[in-house]
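File shown: my_file-v9.txt. Contents: compact mmCIF, N, CA and C atoms.
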```txt
# COMPACT_ATOMS: atom_id res chain seq x y z
N LYS Y 1070 189.25 272.88 69.54
CA LYS Y 1070 187.88 272.54 69.23
C LYS Y 1070 186.97 273.76 69.28
N ALA Y 1071 187.37 274.78 69.99
CA ALA Y 1071 186.51 275.95 70.14
C ALA Y 1071 186.84 277.06 69.15
N GLY Y 1072 187.75 276.82 68.25
CA GLY Y 1072 188.05 277.79 67.22
C GLY Y 1072 189.26 278.66 67.48
N TYR Y 1073 190.04 278.38 68.49
CA TYR Y 1073 191.26 279.11 68.78
C TYR Y 1073 192.46 278.23 68.48
N ALA Y 1074 193.57 278.86 68.19
CA ALA Y 1074 194.79 278.10 67.91
C ALA Y 1074 195.27 277.40 69.18
N GLY Y 1075 195.67 276.16 69.05
CA GLY Y 1075 196.08 275.37 70.21
C GLY Y 1075 197.38 275.84 70.84
N ILE Y 1076 198.22 276.52 70.08
CA ILE Y 1076 199.50 276.98 70.60
C ILE Y 1076 199.31 278.07 71.64
N LEU Y 1077 198.18 278.76 71.61
CA LEU Y 1077 197.91 279.83 72.59
C LEU Y 1077 197.73 279.28 74.00
N ALA Y 1078 197.45 278.00 74.13
CA ALA Y 1078 197.27 277.40 75.44
C ALA Y 1078 198.59 277.25 76.19
N VAL Y 1079 199.70 277.41 75.51
CA VAL Y 1079 201.01 277.27 76.15
C VAL Y 1079 201.45 278.58 76.81
N ILE Y 1080 200.95 279.71 76.35
CA ILE Y 1080 201.34 281.01 76.89
C ILE Y 1080 200.60 281.23 78.21
N PRO Y 1081 201.30 281.54 79.30
CA PRO Y 1081 200.71 281.52 80.65
C PRO Y 1081 199.45 282.36 80.88
N ILE Y 1082 199.43 283.61 80.55
CA ILE Y 1082 198.25 284.43 80.83
C ILE Y 1082 197.20 284.27 79.74
N VAL Y 1083 197.63 284.06 78.53
CA VAL Y 1083 196.71 283.95 77.41
C VAL Y 1083 195.83 282.71 77.55
N ASN Y 1084 196.35 281.63 78.12
CA ASN Y 1084 195.53 280.44 78.26
C ASN Y 1084 194.36 280.66 79.22
N ILE Y 1085 194.54 281.45 80.24
CA ILE Y 1085 193.43 281.74 81.15
C ILE Y 1085 192.41 282.64 80.47
N ILE Y 1086 192.88 283.60 79.69
CA ILE Y 1086 191.97 284.47 78.96
C ILE Y 1086 191.13 283.66 77.98
N LEU Y 1087 191.75 282.76 77.25
CA LEU Y 1087 191.01 281.92 76.30
C LEU Y 1087 190.04 280.99 77.01
N LEU Y 1088 190.43 280.45 78.14
CA LEU Y 1088 189.55 279.56 78.89
C LEU Y 1088 188.30 280.28 79.34
N VAL Y 1089 188.46 281.51 79.82
CA VAL Y 1089 187.32 282.30 80.26
C VAL Y 1089 186.44 282.68 79.07
N LYS Y 1090 187.04 283.00 77.93
CA LYS Y 1090 186.27 283.35 76.75
C LYS Y 1090 185.53 282.14 76.19
N ILE Y 1091 186.14 280.97 76.21
CA ILE Y 1091 185.47 279.75 75.75
C ILE Y 1091 184.30 279.40 76.66
N ALA Y 1092 184.45 279.69 77.95
CA ALA Y 1092 183.37 279.43 78.89
C ALA Y 1092 182.21 280.39 78.70
N GLY Y 1093 182.43 281.47 77.96
CA GLY Y 1093 181.33 282.38 77.68
C GLY Y 1093 181.33 283.66 78.49
N TYR Y 1094 182.36 283.87 79.26
CA TYR Y 1094 182.47 285.09 80.05
C TYR Y 1094 183.31 286.12 79.31
N SER Y 1095 183.23 287.37 79.76
CA SER Y 1095 184.04 288.43 79.18
C SER Y 1095 185.50 288.24 79.60
N ALA Y 1096 186.41 288.64 78.73
CA ALA Y 1096 187.83 288.49 79.02
C ALA Y 1096 188.26 289.36 80.20
N TRP Y 1097 187.51 290.39 80.49
CA TRP Y 1097 187.83 291.25 81.63
C TRP Y 1097 187.65 290.53 82.97
N LEU Y 1098 186.87 289.49 82.98
CA LEU Y 1098 186.67 288.74 84.22
C LEU Y 1098 187.90 287.94 84.63
N VAL Y 1099 188.92 287.91 83.77
CA VAL Y 1099 190.18 287.27 84.13
C VAL Y 1099 190.80 287.99 85.33
N LEU Y 1100 190.49 289.26 85.49
CA LEU Y 1100 191.01 290.02 86.63
C LEU Y 1100 190.52 289.46 87.96
N LEU Y 1101 189.42 288.71 87.95
CA LEU Y 1101 188.94 288.09 89.18
C LEU Y 1101 189.90 287.02 89.69
N TYR Y 1102 190.75 286.52 88.82
CA TYR Y 1102 191.74 285.53 89.25
C TYR Y 1102 192.83 286.16 90.13
N LEU Y 1103 192.91 287.48 90.17
CA LEU Y 1103 193.91 288.15 90.99
C LEU Y 1103 193.46 288.36 92.43
N ILE Y 1104 192.15 288.23 92.70
CA ILE Y 1104 191.61 288.41 94.05
C ILE Y 1104 191.64 287.05 94.74
N PRO Y 1105 192.25 286.95 95.93
CA PRO Y 1105 192.55 285.65 96.54
C PRO Y 1105 191.39 284.68 96.72
N ILE Y 1106 190.30 285.02 97.32
CA ILE Y 1106 189.23 284.05 97.56
C ILE Y 1106 188.28 283.98 96.38
N VAL Y 1107 188.14 285.09 95.68
CA VAL Y 1107 187.24 285.14 94.53
C VAL Y 1107 187.74 284.24 93.42
N ASN Y 1108 189.05 284.09 93.26
CA ASN Y 1108 189.57 283.25 92.19
C ASN Y 1108 189.18 281.79 92.38
N PHE Y 1109 189.10 281.33 93.59
CA PHE Y 1109 188.68 279.96 93.88
C PHE Y 1109 187.23 279.75 93.45
N ILE Y 1110 186.36 280.67 93.81
CA ILE Y 1110 184.94 280.57 93.47
C ILE Y 1110 184.74 280.73 91.96
N PHE Y 1111 185.42 281.71 91.37
CA PHE Y 1111 185.26 281.96 89.95
C PHE Y 1111 185.77 280.80 89.10
N SER Y 1112 186.81 280.13 89.55
CA SER Y 1112 187.32 278.99 88.79
C SER Y 1112 186.32 277.84 88.78
N ILE Y 1113 185.52 277.70 89.84
CA ILE Y 1113 184.45 276.70 89.83
C ILE Y 1113 183.39 277.07 88.80
N PHE Y 1114 183.01 278.35 88.75
CA PHE Y 1114 182.03 278.80 87.76
C PHE Y 1114 182.53 278.58 86.34
N VAL Y 1115 183.79 278.88 86.10
CA VAL Y 1115 184.37 278.70 84.77
C VAL Y 1115 184.39 277.22 84.41
N ALA Y 1116 184.74 276.35 85.34
CA ALA Y 1116 184.80 274.92 85.06
C ALA Y 1116 183.42 274.36 84.72
N VAL Y 1117 182.40 274.76 85.47
CA VAL Y 1117 181.05 274.27 85.21
C VAL Y 1117 180.52 274.80 83.88
N ARG Y 1118 180.77 276.06 83.61
CA ARG Y 1118 180.32 276.66 82.35
C ARG Y 1118 181.06 276.06 81.16
N LEU Y 1119 182.34 275.78 81.33
CA LEU Y 1119 183.12 275.16 80.26
C LEU Y 1119 182.61 273.75 79.98
N GLY Y 1120 182.29 273.02 81.03
CA GLY Y 1120 181.74 271.68 80.85
C GLY Y 1120 180.40 271.70 80.13
N SER Y 1121 179.57 272.66 80.45
CA SER Y 1121 178.27 272.74 79.78
C SER Y 1121 178.43 273.13 78.32
N ARG Y 1122 179.45 273.91 78.00
CA ARG Y 1122 179.70 274.27 76.60
C ARG Y 1122 180.13 273.06 75.77
N PHE Y 1123 180.73 272.08 76.41
CA PHE Y 1123 181.14 270.87 75.72
C PHE Y 1123 180.18 269.71 75.94
N GLY Y 1124 179.02 269.99 76.51
CA GLY Y 1124 178.01 268.95 76.68
C GLY Y 1124 178.23 268.02 77.84
N LYS Y 1125 178.99 268.43 78.81
CA LYS Y 1125 179.24 267.59 79.99
C LYS Y 1125 178.41 268.10 81.16
N GLY Y 1126 178.16 267.24 82.12
CA GLY Y 1126 177.35 267.58 83.27
C GLY Y 1126 178.13 268.29 84.36
N GLY Y 1127 177.42 268.64 85.42
CA GLY Y 1127 178.02 269.36 86.53
C GLY Y 1127 179.03 268.54 87.31
N GLY Y 1128 178.76 267.25 87.50
CA GLY Y 1128 179.70 266.39 88.21
C GLY Y 1128 181.02 266.24 87.47
N PHE Y 1129 180.92 266.01 86.17
CA PHE Y 1129 182.13 265.93 85.35
C PHE Y 1129 182.90 267.24 85.44
N SER Y 1130 182.18 268.35 85.34
CA SER Y 1130 182.83 269.65 85.34
C SER Y 1130 183.54 269.92 86.66
N PHE Y 1131 182.87 269.62 87.77
CA PHE Y 1131 183.48 269.92 89.06
C PHE Y 1131 184.67 269.02 89.34
N PHE Y 1132 184.49 267.73 89.16
CA PHE Y 1132 185.55 266.81 89.54
C PHE Y 1132 186.70 266.76 88.53
N LEU Y 1133 186.39 266.75 87.24
CA LEU Y 1133 187.46 266.56 86.27
C LEU Y 1133 187.95 267.86 85.65
N LEU Y 1134 187.21 268.94 85.73
CA LEU Y 1134 187.71 270.20 85.19
C LEU Y 1134 188.20 271.13 86.29
N PHE Y 1135 187.69 270.95 87.51
CA PHE Y 1135 188.15 271.80 88.60
C PHE Y 1135 189.16 271.09 89.50
N LEU Y 1136 188.84 269.89 89.97
CA LEU Y 1136 189.73 269.19 90.89
C LEU Y 1136 190.90 268.49 90.18
N PHE Y 1137 190.63 267.87 89.05
CA PHE Y 1137 191.65 267.16 88.29
C PHE Y 1137 191.65 267.65 86.85
N PRO Y 1138 192.08 268.90 86.61
CA PRO Y 1138 191.93 269.48 85.27
C PRO Y 1138 192.76 268.81 84.19
N VAL Y 1139 193.88 268.22 84.52
CA VAL Y 1139 194.69 267.58 83.49
C VAL Y 1139 193.92 266.43 82.84
N ILE Y 1140 193.26 265.64 83.63
CA ILE Y 1140 192.47 264.52 83.11
C ILE Y 1140 191.25 265.03 82.35
N GLY Y 1141 190.56 266.00 82.92
CA GLY Y 1141 189.34 266.53 82.30
C GLY Y 1141 189.60 267.20 80.97
N TYR Y 1142 190.67 267.98 80.87
CA TYR Y 1142 190.97 268.65 79.61
C TYR Y 1142 191.40 267.65 78.53
N PHE Y 1143 192.07 266.58 78.92
CA PHE Y 1143 192.40 265.55 77.95
C PHE Y 1143 191.15 264.84 77.45
N ILE Y 1144 190.19 264.60 78.34
CA ILE Y 1144 188.95 263.95 77.92
C ILE Y 1144 188.18 264.84 76.96
N ILE Y 1145 188.12 266.14 77.26
CA ILE Y 1145 187.42 267.06 76.36
C ILE Y 1145 188.19 267.22 75.05
N GLY Y 1146 189.50 267.35 75.15
CA GLY Y 1146 190.30 267.62 73.96
C GLY Y 1146 190.39 266.45 72.99
N TYR Y 1147 190.52 265.25 73.52
CA TYR Y 1147 190.71 264.10 72.65
C TYR Y 1147 189.49 263.20 72.56
N GLY Y 1148 188.43 263.54 73.27
CA GLY Y 1148 187.21 262.74 73.23
C GLY Y 1148 186.28 263.19 72.13
N LYS Y 1149 185.04 262.77 72.23
CA LYS Y 1149 184.05 263.08 71.20
C LYS Y 1149 183.24 264.34 71.53
N ALA Y 1150 183.59 265.04 72.57
CA ALA Y 1150 182.84 266.24 72.96
C ALA Y 1150 182.98 267.32 71.90
N GLN Y 1151 181.86 267.94 71.56
CA GLN Y 1151 181.83 269.00 70.57
C GLN Y 1151 181.51 270.32 71.26
N TYR Y 1152 182.17 271.38 70.85
CA TYR Y 1152 181.93 272.71 71.41
C TYR Y 1152 180.61 273.25 70.88
N ARG Y 1153 179.77 273.70 71.80
CA ARG Y 1153 178.48 274.29 71.42
C ARG Y 1153 178.44 275.72 71.91
N ARG Y 1154 178.33 276.65 71.01
CA ARG Y 1154 178.19 278.06 71.38
C ARG Y 1154 176.72 278.30 71.69
N ILE Y 1155 176.45 278.58 72.95
CA ILE Y 1155 175.04 278.72 73.39
C ILE Y 1155 174.60 280.15 73.25
```
Have the structure of the file written as structure tokens, please.
Amino acid sequence: KAGYAGILAVIPIVNIILLVKIAGYSAWLVLLYLIPIVNFIFSIFVAVRLGSRFGKGGGFSFFLLFLFPVIGYFIIGYGKAQYRRI
């Protein structure tokens, strides 16, 4: 939905890079996932920003994109949410 090929989500490191880029951050910020406590905090920021890019609220983003990402990504991927480049 965001303009990238769906097959790239299967490749382990590339999917994180694409997720961060779709959320609106620089791809270099993927390196923050290598720092132990910072990756936890940064993943919350990415989830909330990703939810806002698809028109979802903070509660949806935190609970379904951060805590239960499998459910949240299916809702975004197969639902009526549209990607908005802000």
Point to revise | Residue neighbourhood Y:Asn1084, 12 Å, only C-alpha atoms, exclusion window fewer than 5 positions, as a ChimeraX atom specification | key: /Y:1073-1079,1089-1091,1096,1099
Point to revise | Those of chain Y in DSSP alpha helix (DSSP H), formatted as a ChimeraX atom specification | key: /Y:1081-1092,1105-1122,1127-1129,1138-1147
Could the residues in this selection be written to a file with N, CA and C atoms, as a compact mmCIF listing (two decimals), in the frame of the given file?
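Output contents, as saved in result-v5.txt:
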```txt
# COMPACT_ATOMS: atom_id res chain seq x y z
N PRO Y 1081 201.30 281.54 79.30
CA PRO Y 1081 200.71 281.52 80.65
C PRO Y 1081 199.45 282.36 80.88
N ILE Y 1082 199.43 283.61 80.55
CA ILE Y 1082 198.25 284.43 80.83
C ILE Y 1082 197.20 284.27 79.74
N VAL Y 1083 197.63 284.06 78.53
CA VAL Y 1083 196.71 283.95 77.41
C VAL Y 1083 195.83 282.71 77.55
N ASN Y 1084 196.35 281.63 78.12
CA ASN Y 1084 195.53 280.44 78.26
C ASN Y 1084 194.36 280.66 79.22
N ILE Y 1085 194.54 281.45 80.24
CA ILE Y 1085 193.43 281.74 81.15
C ILE Y 1085 192.41 282.64 80.47
N ILE Y 1086 192.88 283.60 79.69
CA ILE Y 1086 191.97 284.47 78.96
C ILE Y 1086 191.13 283.66 77.98
N LEU Y 1087 191.75 282.76 77.25
CA LEU Y 1087 191.01 281.92 76.30
C LEU Y 1087 190.04 280.99 77.01
N LEU Y 1088 190.43 280.45 78.14
CA LEU Y 1088 189.55 279.56 78.89
C LEU Y 1088 188.30 280.28 79.34
N VAL Y 1089 188.46 281.51 79.82
CA VAL Y 1089 187.32 282.30 80.26
C VAL Y 1089 186.44 282.68 79.07
N LYS Y 1090 187.04 283.00 77.93
CA LYS Y 1090 186.27 283.35 76.75
C LYS Y 1090 185.53 282.14 76.19
N ILE Y 1091 186.14 280.97 76.21
CA ILE Y 1091 185.47 279.75 75.75
C ILE Y 1091 184.30 279.40 76.66
N ALA Y 1092 184.45 279.69 77.95
CA ALA Y 1092 183.37 279.43 78.89
C ALA Y 1092 182.21 280.39 78.70
N PRO Y 1105 192.25 286.95 95.93
CA PRO Y 1105 192.55 285.65 96.54
C PRO Y 1105 191.39 284.68 96.72
N ILE Y 1106 190.30 285.02 97.32
CA ILE Y 1106 189.23 284.05 97.56
C ILE Y 1106 188.28 283.98 96.38
N VAL Y 1107 188.14 285.09 95.68
CA VAL Y 1107 187.24 285.14 94.53
C VAL Y 1107 187.74 284.24 93.42
N ASN Y 1108 189.05 284.09 93.26
CA ASN Y 1108 189.57 283.25 92.19
C ASN Y 1108 189.18 281.79 92.38
N PHE Y 1109 189.10 281.33 93.59
CA PHE Y 1109 188.68 279.96 93.88
C PHE Y 1109 187.23 279.75 93.45
N ILE Y 1110 186.36 280.67 93.81
CA ILE Y 1110 184.94 280.57 93.47
C ILE Y 1110 184.74 280.73 91.96
N PHE Y 1111 185.42 281.71 91.37
CA PHE Y 1111 185.26 281.96 89.95
C PHE Y 1111 185.77 280.80 89.10
N SER Y 1112 186.81 280.13 89.55
CA SER Y 1112 187.32 278.99 88.79
C SER Y 1112 186.32 277.84 88.78
N ILE Y 1113 185.52 277.70 89.84
CA ILE Y 1113 184.45 276.70 89.83
C ILE Y 1113 183.39 277.07 88.80
N PHE Y 1114 183.01 278.35 88.75
CA PHE Y 1114 182.03 278.80 87.76
C PHE Y 1114 182.53 278.58 86.34
N VAL Y 1115 183.79 278.88 86.10
CA VAL Y 1115 184.37 278.70 84.77
C VAL Y 1115 184.39 277.22 84.41
N ALA Y 1116 184.74 276.35 85.34
CA ALA Y 1116 184.80 274.92 85.06
C ALA Y 1116 183.42 274.36 84.72
N VAL Y 1117 182.40 274.76 85.47
CA VAL Y 1117 181.05 274.27 85.21
C VAL Y 1117 180.52 274.80 83.88
N ARG Y 1118 180.77 276.06 83.61
CA ARG Y 1118 180.32 276.66 82.35
C ARG Y 1118 181.06 276.06 81.16
N LEU Y 1119 182.34 275.78 81.33
CA LEU Y 1119 183.12 275.16 80.26
C LEU Y 1119 182.61 273.75 79.98
N GLY Y 1120 182.29 273.02 81.03
CA GLY Y 1120 181.74 271.68 80.85
C GLY Y 1120 180.40 271.70 80.13
N SER Y 1121 179.57 272.66 80.45
CA SER Y 1121 178.27 272.74 79.78
C SER Y 1121 178.43 273.13 78.32
N ARG Y 1122 179.45 273.91 78.00
CA ARG Y 1122 179.70 274.27 76.60
C ARG Y 1122 180.13 273.06 75.77
N GLY Y 1127 177.42 268.64 85.42
CA GLY Y 1127 178.02 269.36 86.53
C GLY Y 1127 179.03 268.54 87.31
N GLY Y 1128 178.76 267.25 87.50
CA GLY Y 1128 179.70 266.39 88.21
C GLY Y 1128 181.02 266.24 87.47
N PHE Y 1129 180.92 266.01 86.17
CA PHE Y 1129 182.13 265.93 85.35
C PHE Y 1129 182.90 267.24 85.44
N PRO Y 1138 192.08 268.90 86.61
CA PRO Y 1138 191.93 269.48 85.27
C PRO Y 1138 192.76 268.81 84.19
N VAL Y 1139 193.88 268.22 84.52
CA VAL Y 1139 194.69 267.58 83.49
C VAL Y 1139 193.92 266.43 82.84
N ILE Y 1140 193.26 265.64 83.63
CA ILE Y 1140 192.47 264.52 83.11
C ILE Y 1140 191.25 265.03 82.35
N GLY Y 1141 190.56 266.00 82.92
CA GLY Y 1141 189.34 266.53 82.30
C GLY Y 1141 189.60 267.20 80.97
N TYR Y 1142 190.67 267.98 80.87
CA TYR Y 1142 190.97 268.65 79.61
C TYR Y 1142 191.40 267.65 78.53
N PHE Y 1143 192.07 266.58 78.92
CA PHE Y 1143 192.40 265.55 77.95
C PHE Y 1143 191.15 264.84 77.45
N ILE Y 1144 190.19 264.60 78.34
CA ILE Y 1144 188.95 263.95 77.92
C ILE Y 1144 188.18 264.84 76.96
N ILE Y 1145 188.12 266.14 77.26
CA ILE Y 1145 187.42 267.06 76.36
C ILE Y 1145 188.19 267.22 75.05
N GLY Y 1146 189.50 267.35 75.15
CA GLY Y 1146 190.30 267.62 73.96
C GLY Y 1146 190.39 266.45 72.99
N TYR Y 1147 190.52 265.25 73.52
CA TYR Y 1147 190.71 264.10 72.65
C TYR Y 1147 189.49 263.20 72.56
```
Review point. Could you name the residues that touch Y:Val1117 at 12 Å or less, counting only C-alpha atoms, but leaving out those on the same chain fewer than 5 positions away, as a ChimeraX atom specification?
Key: /Y:1088-1089,1091-1093,1110-1112,1122-1136,1138,1141
Export of prior selection with N, CA and C atoms as an mmCIF file, in the frame of the given file:
```
data_model
loop_
_atom_site.group_PDB
_atom_site.id
_atom_site.type_symbol
_atom_site.label_atom_id
_atom_site.label_comp_id
_atom_site.auth_asym_id
_atom_site.auth_seq_id
_atom_site.Cartn_x
_atom_site.Cartn_y
_atom_site.Cartn_z
ATOM 1 N N LEU Y 1088 190.430 280.450 78.140
ATOM 2 C CA LEU Y 1088 189.550 279.560 78.890
ATOM 3 C C LEU Y 1088 188.300 280.280 79.340
ATOM 4 N N VAL Y 1089 188.460 281.510 79.820
ATOM 5 C CA VAL Y 1089 187.320 282.300 80.260
ATOM 6 C C VAL Y 1089 186.440 282.680 79.070
ATOM 7 N N ILE Y 1091 186.140 280.970 76.210
ATOM 8 C CA ILE Y 1091 185.470 279.750 75.750
ATOM 9 C C ILE Y 1091 184.300 279.400 76.660
ATOM 10 N N ALA Y 1092 184.450 279.690 77.950
ATOM 11 C CA ALA Y 1092 183.370 279.430 78.890
ATOM 12 C C ALA Y 1092 182.210 280.390 78.700
ATOM 13 N N GLY Y 1093 182.430 281.470 77.960
ATOM 14 C CA GLY Y 1093 181.330 282.380 77.680
ATOM 15 C C GLY Y 1093 181.330 283.660 78.490
ATOM 16 N N ILE Y 1110 186.360 280.670 93.810
ATOM 17 C CA ILE Y 1110 184.940 280.570 93.470
ATOM 18 C C ILE Y 1110 184.740 280.730 91.960
ATOM 19 N N PHE Y 1111 185.420 281.710 91.370
ATOM 20 C CA PHE Y 1111 185.260 281.960 89.950
ATOM 21 C C PHE Y 1111 185.770 280.800 89.100
ATOM 22 N N SER Y 1112 186.810 280.130 89.550
ATOM 23 C CA SER Y 1112 187.320 278.990 88.790
ATOM 24 C C SER Y 1112 186.320 277.840 88.780
ATOM 25 N N ARG Y 1122 179.450 273.910 78.000
ATOM 26 C CA ARG Y 1122 179.700 274.270 76.600
ATOM 27 C C ARG Y 1122 180.130 273.060 75.770
ATOM 28 N N PHE Y 1123 180.730 272.080 76.410
ATOM 29 C CA PHE Y 1123 181.140 270.870 75.720
ATOM 30 C C PHE Y 1123 180.180 269.710 75.940
ATOM 31 N N GLY Y 1124 179.020 269.990 76.510
ATOM 32 C CA GLY Y 1124 178.010 268.950 76.680
ATOM 33 C C GLY Y 1124 178.230 268.020 77.840
ATOM 34 N N LYS Y 1125 178.990 268.430 78.810
ATOM 35 C CA LYS Y 1125 179.240 267.590 79.990
ATOM 36 C C LYS Y 1125 178.410 268.100 81.160
ATOM 37 N N GLY Y 1126 178.160 267.240 82.120
ATOM 38 C CA GLY Y 1126 177.350 267.580 83.270
ATOM 39 C C GLY Y 1126 178.130 268.290 84.360
ATOM 40 N N GLY Y 1127 177.420 268.640 85.420
ATOM 41 C CA GLY Y 1127 178.020 269.360 86.530
ATOM 42 C C GLY Y 1127 179.030 268.540 87.310
ATOM 43 N N GLY Y 1128 178.760 267.250 87.500
ATOM 44 C CA GLY Y 1128 179.700 266.390 88.210
ATOM 45 C C GLY Y 1128 181.020 266.240 87.470
ATOM 46 N N PHE Y 1129 180.920 266.010 86.170
ATOM 47 C CA PHE Y 1129 182.130 265.930 85.350
ATOM 48 C C PHE Y 1129 182.900 267.240 85.440
ATOM 49 N N SER Y 1130 182.180 268.350 85.340
ATOM 50 C CA SER Y 1130 182.830 269.650 85.340
ATOM 51 C C SER Y 1130 183.540 269.920 86.660
ATOM 52 N N PHE Y 1131 182.870 269.620 87.770
ATOM 53 C CA PHE Y 1131 183.480 269.920 89.060
ATOM 54 C C PHE Y 1131 184.670 269.020 89.340
ATOM 55 N N PHE Y 1132 184.490 267.730 89.160
ATOM 56 C CA PHE Y 1132 185.550 266.810 89.540
ATOM 57 C C PHE Y 1132 186.700 266.760 88.530
ATOM 58 N N LEU Y 1133 186.390 266.750 87.240
ATOM 59 C CA LEU Y 1133 187.460 266.560 86.270
ATOM 60 C C LEU Y 1133 187.950 267.860 85.650
ATOM 61 N N LEU Y 1134 187.210 268.940 85.730
ATOM 62 C CA LEU Y 1134 187.710 270.200 85.190
ATOM 63 C C LEU Y 1134 188.200 271.130 86.290
ATOM 64 N N PHE Y 1135 187.690 270.950 87.510
ATOM 65 C CA PHE Y 1135 188.150 271.800 88.600
ATOM 66 C C PHE Y 1135 189.160 271.090 89.500
ATOM 67 N N LEU Y 1136 188.840 269.890 89.970
ATOM 68 C CA LEU Y 1136 189.730 269.190 90.890
ATOM 69 C C LEU Y 1136 190.900 268.490 90.180
ATOM 70 N N PRO Y 1138 192.080 268.900 86.610
ATOM 71 C CA PRO Y 1138 191.930 269.480 85.270
ATOM 72 C C PRO Y 1138 192.760 268.810 84.190
ATOM 73 N N GLY Y 1141 190.560 266.000 82.920
ATOM 74 C CA GLY Y 1141 189.340 266.530 82.300
ATOM 75 C C GLY Y 1141 189.600 267.200 80.970
#
```
File output for stretch 1081-1113 of chain Y (C-alpha atoms) as a short mmCIF file (atom, residue, chain, number, x, y, z; two decimals), in the first residue's frame:
```cif
data_model
loop_
_atom_site.label_atom_id
_atom_site.label_comp_id
_atom_site.auth_asym_id
_atom_site.auth_seq_id
_atom_site.Cartn_x
_atom_site.Cartn_y
_atom_site.Cartn_z
CA PRO Y 1081 14.76 -10.17 7.35
CA ILE Y 1082 16.73 -6.90 7.49
CA VAL Y 1083 15.07 -5.24 4.51
CA ASN Y 1084 11.63 -5.44 6.12
CA ILE Y 1085 12.79 -3.36 9.09
CA ILE Y 1086 14.40 -0.82 6.77
CA LEU Y 1087 11.17 -0.50 4.78
CA LEU Y 1088 9.07 -0.24 7.93
CA VAL Y 1089 11.20 2.63 9.21
CA LYS Y 1090 11.09 4.37 5.82
CA ILE Y 1091 7.31 3.99 5.57
CA ALA Y 1092 7.01 5.49 9.04
CA GLY Y 1093 8.85 8.53 7.74
CA TYR Y 1094 12.22 8.14 9.40
CA SER Y 1095 15.61 7.91 7.74
CA ALA Y 1096 16.82 4.41 6.90
CA TRP Y 1097 19.94 5.06 8.98
CA LEU Y 1098 17.81 5.00 12.12
CA VAL Y 1099 17.53 1.23 11.65
CA LEU Y 1100 20.86 1.12 13.48
CA LEU Y 1101 18.97 2.10 16.64
CA TYR Y 1102 17.50 -1.39 16.63
CA LEU Y 1103 20.97 -2.71 17.51
CA ILE Y 1104 21.13 -0.83 20.83
CA PRO Y 1105 19.40 -2.92 23.54
CA ILE Y 1106 17.10 -0.48 25.38
CA VAL Y 1107 16.84 2.08 22.61
CA ASN Y 1108 15.32 -0.48 20.23
CA PHE Y 1109 12.36 -0.96 22.57
CA ILE Y 1110 11.66 2.79 22.73
CA PHE Y 1111 12.30 3.35 19.03
CA SER Y 1112 9.95 0.55 18.03
CA ILE Y 1113 7.15 2.32 19.92
#
```
